[in-house]
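Contents: one structure, followed by commentary.
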Amino acid sequence: MSTATPATRFLDKAGIAYDLFEYDYGGGDGPIGLQAAEAIGWQAARVFKTLMLEVDGKPACAVIPSDRSLSMKKVAAALKGKSAKMMEPVKAERLTGFHTGGISPFGQKKRVPVVFDATVISVEAPVVMNGGKRGLMVCLAPEPGIAALAAAVAEVSVV
């Protein structure tokens, strides 16, 4: 499996150190983030999933722990909006250039506002998130990635 993706190229260009984890992407039943955490043997709280959404009709991205759910009210407030809803998968794929199950916050085709759940700072570093391809994860310290994306950090998830 080739590990060069728009996400890894973004990280390389930004000078951000990362390691890669590859696993057999099943795409089966259950949340993809939890499947990934189990496949690579990491705690689900340290494996983050990328969710594409629309805040007041405009595209945005939220990165939250794989064992948590996104609060639409909290994410809308964090991105200075009134309402939020999940983006349709086809629209998310077209916007990001990635397939669902492989969407990374890094290297998206169109840059959109990004918010990381505040737990990304409180969990043990490094953390893992999608590397831009199904079955490919990047492991990195969260702060440089947040800075490179000029992302917000806010409490946007719920248990």
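Residues are referred to by chain and number: the chain letter is A, B, ... according to the order shown in the structure tokens, the number counts from 1 in that chain, and ligands are numbered separately from 1 in the order shown.
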Long-range neighbours of Ala37 in chain A as an NGL selection string, 8 Å cut-off, only C-alpha atoms, 6 positions minimum in chain: :A and (43-44 or 47 or 66)
For range 150-158 of chain A, list every protein, DNA or RNA residue within 7 Å, evaluated using only C-alpha atoms, and leave out those in the same chain fewer than 4 positions away; present the list as a PDB file with N, CA, C and O atoms, in the first residue's frame.
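After the write, out-v2.pdb holds the following:
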ATOM      1  N   ILE A  64     -12.588  14.448  16.488  1.00  0.00           N
ATOM      2  CA  ILE A  64     -12.969  14.054  17.852  1.00  0.00           C
ATOM      3  C   ILE A  64     -12.503  12.629  18.135  1.00  0.00           C
ATOM      4  O   ILE A  64     -12.251  11.851  17.207  1.00  0.00           O
ATOM      5  N   ARG A  68     -16.265   8.888  21.065  1.00  0.00           N
ATOM      6  CA  ARG A  68     -17.203   9.941  21.464  1.00  0.00           C
ATOM      7  C   ARG A  68     -18.074  10.340  20.280  1.00  0.00           C
ATOM      8  O   ARG A  68     -17.810   9.960  19.148  1.00  0.00           O
ATOM      9  N   SER A  69     -19.115  11.126  20.571  1.00  0.00           N
ATOM     10  CA  SER A  69     -20.022  11.628  19.536  1.00  0.00           C
ATOM     11  C   SER A  69     -19.887  13.139  19.452  1.00  0.00           C
ATOM     12  O   SER A  69     -19.571  13.808  20.445  1.00  0.00           O
ATOM     13  N   LEU A  70     -20.184  13.670  18.286  1.00  0.00           N
ATOM     14  CA  LEU A  70     -20.115  15.107  18.066  1.00  0.00           C
ATOM     15  C   LEU A  70     -21.398  15.771  18.565  1.00  0.00           C
ATOM     16  O   LEU A  70     -22.497  15.306  18.269  1.00  0.00           O
ATOM     17  N   SER A  71     -21.258  16.846  19.318  1.00  0.00           N
ATOM     18  CA  SER A  71     -22.401  17.650  19.741  1.00  0.00           C
ATOM     19  C   SER A  71     -22.590  18.745  18.698  1.00  0.00           C
ATOM     20  O   SER A  71     -21.733  19.609  18.539  1.00  0.00           O
ATOM     21  N   LYS A  74     -22.562  22.208  20.300  1.00  0.00           N
ATOM     22  CA  LYS A  74     -21.235  22.665  20.716  1.00  0.00           C
ATOM     23  C   LYS A  74     -20.344  22.995  19.520  1.00  0.00           C
ATOM     24  O   LYS A  74     -19.600  23.978  19.555  1.00  0.00           O
ATOM     25  N   VAL A  75     -20.404  22.189  18.457  1.00  0.00           N
ATOM     26  CA  VAL A  75     -19.540  22.456  17.308  1.00  0.00           C
ATOM     27  C   VAL A  75     -19.989  23.717  16.579  1.00  0.00           C
ATOM     28  O   VAL A  75     -19.164  24.499  16.107  1.00  0.00           O
ATOM     29  N   ALA A  78     -18.635  26.546  18.636  1.00  0.00           N
ATOM     30  CA  ALA A  78     -17.175  26.644  18.516  1.00  0.00           C
ATOM     31  C   ALA A  78     -16.752  27.284  17.203  1.00  0.00           C
ATOM     32  O   ALA A  78     -15.721  27.957  17.134  1.00  0.00           O
ATOM     33  N   PRO A 113     -12.771  25.505   7.795  1.00  0.00           N
ATOM     34  CA  PRO A 113     -12.490  25.649   9.223  1.00  0.00           C
ATOM     35  C   PRO A 113     -12.463  24.278   9.903  1.00  0.00           C
ATOM     36  O   PRO A 113     -13.284  23.413   9.607  1.00  0.00           O
ATOM     37  N   VAL A 114     -11.500  24.102  10.797  1.00  0.00           N
ATOM     38  CA  VAL A 114     -11.330  22.833  11.513  1.00  0.00           C
ATOM     39  C   VAL A 114     -11.359  23.106  13.007  1.00  0.00           C
ATOM     40  O   VAL A 114     -10.771  24.078  13.487  1.00  0.00           O
ATOM     41  N   VAL A 115     -12.037  22.228  13.741  1.00  0.00           N
ATOM     42  CA  VAL A 115     -12.027  22.289  15.199  1.00  0.00           C
ATOM     43  C   VAL A 115     -11.670  20.905  15.735  1.00  0.00           C
ATOM     44  O   VAL A 115     -12.203  19.900  15.289  1.00  0.00           O
ATOM     45  N   PHE A 116     -10.719  20.880  16.642  1.00  0.00           N
ATOM     46  CA  PHE A 116     -10.333  19.662  17.338  1.00  0.00           C
ATOM     47  C   PHE A 116     -11.020  19.661  18.694  1.00  0.00           C
ATOM     48  O   PHE A 116     -11.070  20.696  19.361  1.00  0.00           O
ATOM     49  N   ASP A 117     -11.524  18.500  19.096  1.00  0.00           N
ATOM     50  CA  ASP A 117     -12.099  18.395  20.427  1.00  0.00           C
ATOM     51  C   ASP A 117     -10.999  18.652  21.451  1.00  0.00           C
ATOM     52  O   ASP A 117      -9.847  18.228  21.265  1.00  0.00           O
ATOM     53  N   ALA A 118     -11.339  19.340  22.530  1.00  0.00           N
ATOM     54  CA  ALA A 118     -10.372  19.727  23.560  1.00  0.00           C
ATOM     55  C   ALA A 118      -9.655  18.533  24.186  1.00  0.00           C
ATOM     56  O   ALA A 118      -8.546  18.685  24.701  1.00  0.00           O
ATOM     57  N   ILE A 146      -2.475  20.966  14.779  1.00  0.00           N
ATOM     58  CA  ILE A 146      -3.481  22.002  15.057  1.00  0.00           C
ATOM     59  C   ILE A 146      -2.987  23.349  14.532  1.00  0.00           C
ATOM     60  O   ILE A 146      -3.724  24.080  13.870  1.00  0.00           O
TER      61      ILE A 146
END
Residue with smallest distance to Gly102 in chain A - pool A:Leu136, A:Val90, A:Val120, A:Ala147, counting only C-alpha atoms: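 Smallest separation from Gly102 in chain A among the options: A:Leu136.
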Contact residues around range 8-11 of chain A with only C-alpha atoms at 7 Å, ignoring same-chain residues under 6 positions, as a PyMOL selection string: chain A and resi 106-107+131
Would you export the selected residues with N, CA and C atoms as a compact mmCIF listing (two decimals), in the first residue's frame, please?
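selection.txt was written with the following content:
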# COMPACT_ATOMS: atom_id res chain seq x y z
N PHE A 106 -5.94 16.75 7.34
CA PHE A 106 -4.77 17.30 6.65
C PHE A 106 -4.86 17.06 5.14
N GLY A 107 -4.51 18.06 4.36
CA GLY A 107 -4.42 17.89 2.91
C GLY A 107 -5.74 17.82 2.17
N GLY A 131 -4.88 9.12 7.86
CA GLY A 131 -3.78 9.59 7.03
C GLY A 131 -4.16 9.86 5.59
Sel. of alpha helix (DSSP H) residues, chain A, as an NGL selection string: :A and (6-14 or 32-40 or 72-78 or 89-96 or 119-122 or 142-149)
Atom-to-atom span, CA of Val112 in chain A and CA of Leu95 in chain A, Å: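 CA of Leu95 in chain A lies at a distance of 9.3 Å from CA of Val112 in chain A.
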Which of A:Ala39, A:Ala14, A:Leu34, A:Met52 sits closest to Phe98 in chain A [using only C-alpha atoms]: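 When distances to Phe98 in chain A are compared using only C-alpha atoms, the smallest one comes from A:Met52.
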